[in-house]
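A short write-up of the structure that comes next.
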Amino acid sequence: MDEEEYKGKYINLKILKSVQDYLKTKGNTSAAVYPIKVPDDLLYQVLKFEGAGNADKLIHDIFELGLSLWGEQLYDDVFGSEKNLEEFIDLVKKRNRESKK
């Protein structure tokens, strides 16, 4: 594995770890990015019948579902299998040990 491929996989591993941590904490983070796009009628109807709190929860649930699916696709694209992921993590650990010497 050349250095460029290693760096790309390492960045994607950090992204996947961040997604995993976010989903475990149920989205309780200090960062927020706006705006997000949702169908106008969806937002209007949810606000009208269920209120702002439920509209916010619905949007967050949709985001979490999309983030989960995106993370799974990224995992498949970058690592493809648990064995490949474990081998890469071992490589990262080995490089970290060697850099501390």
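Identifiers for the structure tokens are assigned positionally: chains receive A, B, ... in sequence, residues are indexed from 1 per chain, and ligands are indexed from 1 in the order shown.
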
Give me the residues within 12 Å of Lys17 of chain A as an mmCIF file with N, CA and C atoms, in the first residue's frame, counting only C-alpha atoms and dropping any in the same chain fewer than 6 places off.
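And here is the file that came out, result.cif:
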```cif
data_model
loop_
_atom_site.group_PDB
_atom_site.id
_atom_site.type_symbol
_atom_site.label_atom_id
_atom_site.label_comp_id
_atom_site.auth_asym_id
_atom_site.auth_seq_id
_atom_site.Cartn_x
_atom_site.Cartn_y
_atom_site.Cartn_z
ATOM 1 N N TYR A 10 -6.917 6.108 5.987
ATOM 2 C CA TYR A 10 -6.860 6.598 7.360
ATOM 3 C C TYR A 10 -7.890 7.706 7.587
ATOM 4 N N ILE A 11 -7.997 8.620 6.643
ATOM 5 C CA ILE A 11 -8.996 9.689 6.753
ATOM 6 C C ILE A 11 -10.403 9.100 6.782
ATOM 7 N N LEU A 23 -23.668 8.539 16.063
ATOM 8 C CA LEU A 23 -24.882 7.726 16.142
ATOM 9 C C LEU A 23 -25.057 7.104 17.526
ATOM 10 N N LYS A 24 -23.954 6.784 18.201
ATOM 11 C CA LYS A 24 -24.035 6.232 19.552
ATOM 12 C C LYS A 24 -24.547 7.253 20.556
ATOM 13 N N SER A 68 -26.359 6.783 8.526
ATOM 14 C CA SER A 68 -26.077 5.350 8.703
ATOM 15 C C SER A 68 -25.859 4.660 7.360
ATOM 16 N N GLY A 71 -22.618 5.856 5.781
ATOM 17 C CA GLY A 71 -21.474 5.268 6.465
ATOM 18 C C GLY A 71 -21.247 3.819 6.056
ATOM 19 N N GLU A 72 -22.339 3.066 5.921
ATOM 20 C CA GLU A 72 -22.223 1.674 5.474
ATOM 21 C C GLU A 72 -21.657 1.602 4.061
ATOM 22 N N LEU A 74 -19.733 3.886 2.594
ATOM 23 C CA LEU A 74 -18.331 4.292 2.666
ATOM 24 C C LEU A 74 -17.472 3.132 3.164
ATOM 25 N N TYR A 75 -17.930 2.450 4.184
ATOM 26 C CA TYR A 75 -17.220 1.273 4.719
ATOM 27 C C TYR A 75 -17.017 0.230 3.623
ATOM 28 N N ILE A 89 -6.356 -1.476 10.525
ATOM 29 C CA ILE A 89 -6.180 -0.989 11.903
ATOM 30 C C ILE A 89 -4.865 -1.500 12.477
#
```

query: What residues in chain A get the DSSP label helix (DSSP H, G or I)? Please answer as JSON, numbers by chain.
result: {"A": [3, 4, 5, 6, 7, 8, 9, 10, 11, 12, 13, 14, 15, 16, 17, 18, 19, 20, 21, 22, 23, 24, 40, 41, 42, 43, 44, 45, 46, 47, 48, 49, 50, 51, 52, 53, 54, 55, 56, 57, 58, 59, 60, 61, 62, 63, 64, 65, 66, 67, 68, 69, 70, 71, 72, 73, 74, 75, 76, 77, 78, 82, 83, 84, 85, 86, 87, 88, 89, 90, 91, 92, 93, 94, 95, 96, 97, 98, 99, 100]}

Residue subset to file, keeping C-alpha atoms, as a PDB file, in the first residue's frame:
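Written file, result_4.pdb:
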```
ATOM      1  CA  GLU A   3       1.407   6.409   1.201  1.00  0.00           C
ATOM      2  CA  GLU A   4      -1.426   8.111  -0.685  1.00  0.00           C
ATOM      3  CA  GLU A   5      -3.698   5.073  -0.361  1.00  0.00           C
ATOM      4  CA  TYR A   6      -2.795   4.769   3.331  1.00  0.00           C
ATOM      5  CA  LYS A   7      -3.666   8.418   3.994  1.00  0.00           C
ATOM      6  CA  GLY A   8      -6.986   8.087   2.140  1.00  0.00           C
ATOM      7  CA  LYS A   9      -7.985   5.009   4.105  1.00  0.00           C
ATOM      8  CA  TYR A  10      -6.860   6.598   7.360  1.00  0.00           C
ATOM      9  CA  ILE A  11      -8.996   9.689   6.753  1.00  0.00           C
ATOM     10  CA  ASN A  12     -11.993   7.505   5.894  1.00  0.00           C
ATOM     11  CA  LEU A  13     -11.414   5.433   9.042  1.00  0.00           C
ATOM     12  CA  LYS A  14     -11.527   8.642  11.111  1.00  0.00           C
ATOM     13  CA  ILE A  15     -14.733   9.686   9.342  1.00  0.00           C
ATOM     14  CA  LEU A  16     -16.363   6.308   9.999  1.00  0.00           C
ATOM     15  CA  LYS A  17     -15.337   6.468  13.662  1.00  0.00           C
ATOM     16  CA  SER A  18     -16.834   9.950  13.924  1.00  0.00           C
ATOM     17  CA  VAL A  19     -20.105   8.758  12.350  1.00  0.00           C
ATOM     18  CA  GLN A  20     -20.185   5.789  14.725  1.00  0.00           C
ATOM     19  CA  ASP A  21     -19.622   8.045  17.755  1.00  0.00           C
ATOM     20  CA  TYR A  22     -22.296  10.480  16.574  1.00  0.00           C
ATOM     21  CA  LEU A  23     -24.882   7.726  16.142  1.00  0.00           C
ATOM     22  CA  LYS A  24     -24.035   6.232  19.552  1.00  0.00           C
ATOM     23  CA  ASP A  40     -41.745  21.677   1.625  1.00  0.00           C
ATOM     24  CA  ASP A  41     -44.998  19.810   2.064  1.00  0.00           C
ATOM     25  CA  LEU A  42     -43.400  17.265   4.419  1.00  0.00           C
ATOM     26  CA  LEU A  43     -42.175  19.981   6.735  1.00  0.00           C
ATOM     27  CA  TYR A  44     -45.411  21.969   6.501  1.00  0.00           C
ATOM     28  CA  GLN A  45     -47.640  18.969   7.257  1.00  0.00           C
ATOM     29  CA  VAL A  46     -45.527  17.750  10.179  1.00  0.00           C
ATOM     30  CA  LEU A  47     -45.403  21.253  11.653  1.00  0.00           C
ATOM     31  CA  LYS A  48     -49.139  21.689  11.185  1.00  0.00           C
ATOM     32  CA  PHE A  49     -50.222  18.385  12.716  1.00  0.00           C
ATOM     33  CA  GLU A  50     -47.441  17.490  15.137  1.00  0.00           C
ATOM     34  CA  GLY A  51     -45.665  20.723  16.062  1.00  0.00           C
ATOM     35  CA  ALA A  52     -42.136  22.028  15.795  1.00  0.00           C
ATOM     36  CA  GLY A  53     -40.616  19.525  18.219  1.00  0.00           C
ATOM     37  CA  ASN A  54     -41.793  16.568  16.201  1.00  0.00           C
ATOM     38  CA  ALA A  55     -40.739  18.217  12.946  1.00  0.00           C
ATOM     39  CA  ASP A  56     -37.237  18.687  14.347  1.00  0.00           C
ATOM     40  CA  LYS A  57     -37.162  15.075  15.557  1.00  0.00           C
ATOM     41  CA  LEU A  58     -38.340  13.809  12.161  1.00  0.00           C
ATOM     42  CA  ILE A  59     -35.645  15.746  10.324  1.00  0.00           C
ATOM     43  CA  HIS A  60     -33.020  14.452  12.730  1.00  0.00           C
ATOM     44  CA  ASP A  61     -34.278  10.864  12.326  1.00  0.00           C
ATOM     45  CA  ILE A  62     -34.081  11.211   8.540  1.00  0.00           C
ATOM     46  CA  PHE A  63     -30.554  12.596   8.869  1.00  0.00           C
ATOM     47  CA  GLU A  64     -29.453   9.730  11.141  1.00  0.00           C
ATOM     48  CA  LEU A  65     -30.875   7.139   8.752  1.00  0.00           C
ATOM     49  CA  GLY A  66     -29.116   8.764   5.807  1.00  0.00           C
ATOM     50  CA  LEU A  67     -25.881   9.032   7.769  1.00  0.00           C
ATOM     51  CA  SER A  68     -26.077   5.350   8.703  1.00  0.00           C
ATOM     52  CA  LEU A  69     -26.634   4.285   5.106  1.00  0.00           C
ATOM     53  CA  TRP A  70     -23.904   6.604   3.837  1.00  0.00           C
ATOM     54  CA  GLY A  71     -21.474   5.268   6.465  1.00  0.00           C
ATOM     55  CA  GLU A  72     -22.223   1.674   5.474  1.00  0.00           C
ATOM     56  CA  GLN A  73     -21.594   2.506   1.817  1.00  0.00           C
ATOM     57  CA  LEU A  74     -18.331   4.292   2.666  1.00  0.00           C
ATOM     58  CA  TYR A  75     -17.220   1.273   4.719  1.00  0.00           C
ATOM     59  CA  ASP A  76     -17.996  -1.067   1.813  1.00  0.00           C
ATOM     60  CA  ASP A  77     -16.226   1.186  -0.701  1.00  0.00           C
ATOM     61  CA  VAL A  78     -13.076   1.737   1.370  1.00  0.00           C
ATOM     62  CA  GLU A  82     -14.207  -6.668   8.430  1.00  0.00           C
ATOM     63  CA  LYS A  83     -10.972  -8.550   7.726  1.00  0.00           C
ATOM     64  CA  ASN A  84      -9.659  -5.711   5.538  1.00  0.00           C
ATOM     65  CA  LEU A  85     -10.636  -3.175   8.205  1.00  0.00           C
ATOM     66  CA  GLU A  86      -8.872  -5.148  10.937  1.00  0.00           C
ATOM     67  CA  GLU A  87      -5.747  -5.486   8.792  1.00  0.00           C
ATOM     68  CA  PHE A  88      -5.722  -1.743   8.191  1.00  0.00           C
ATOM     69  CA  ILE A  89      -6.180  -0.989  11.903  1.00  0.00           C
ATOM     70  CA  ASP A  90      -3.248  -3.312  12.650  1.00  0.00           C
ATOM     71  CA  LEU A  91      -1.176  -1.404  10.082  1.00  0.00           C
ATOM     72  CA  VAL A  92      -2.098   1.917  11.726  1.00  0.00           C
ATOM     73  CA  LYS A  93      -1.109   0.550  15.151  1.00  0.00           C
ATOM     74  CA  LYS A  94       2.183  -0.746  13.761  1.00  0.00           C
ATOM     75  CA  ARG A  95       2.990   2.614  12.157  1.00  0.00           C
ATOM     76  CA  ASN A  96       2.135   4.432  15.383  1.00  0.00           C
ATOM     77  CA  ARG A  97       4.442   2.147  17.408  1.00  0.00           C
ATOM     78  CA  GLU A  98       7.252   2.642  14.884  1.00  0.00           C
ATOM     79  CA  SER A  99       6.857   6.427  14.902  1.00  0.00           C
ATOM     80  CA  LYS A 100       7.175   6.519  18.709  1.00  0.00           C
TER      81      LYS A 100
END
```
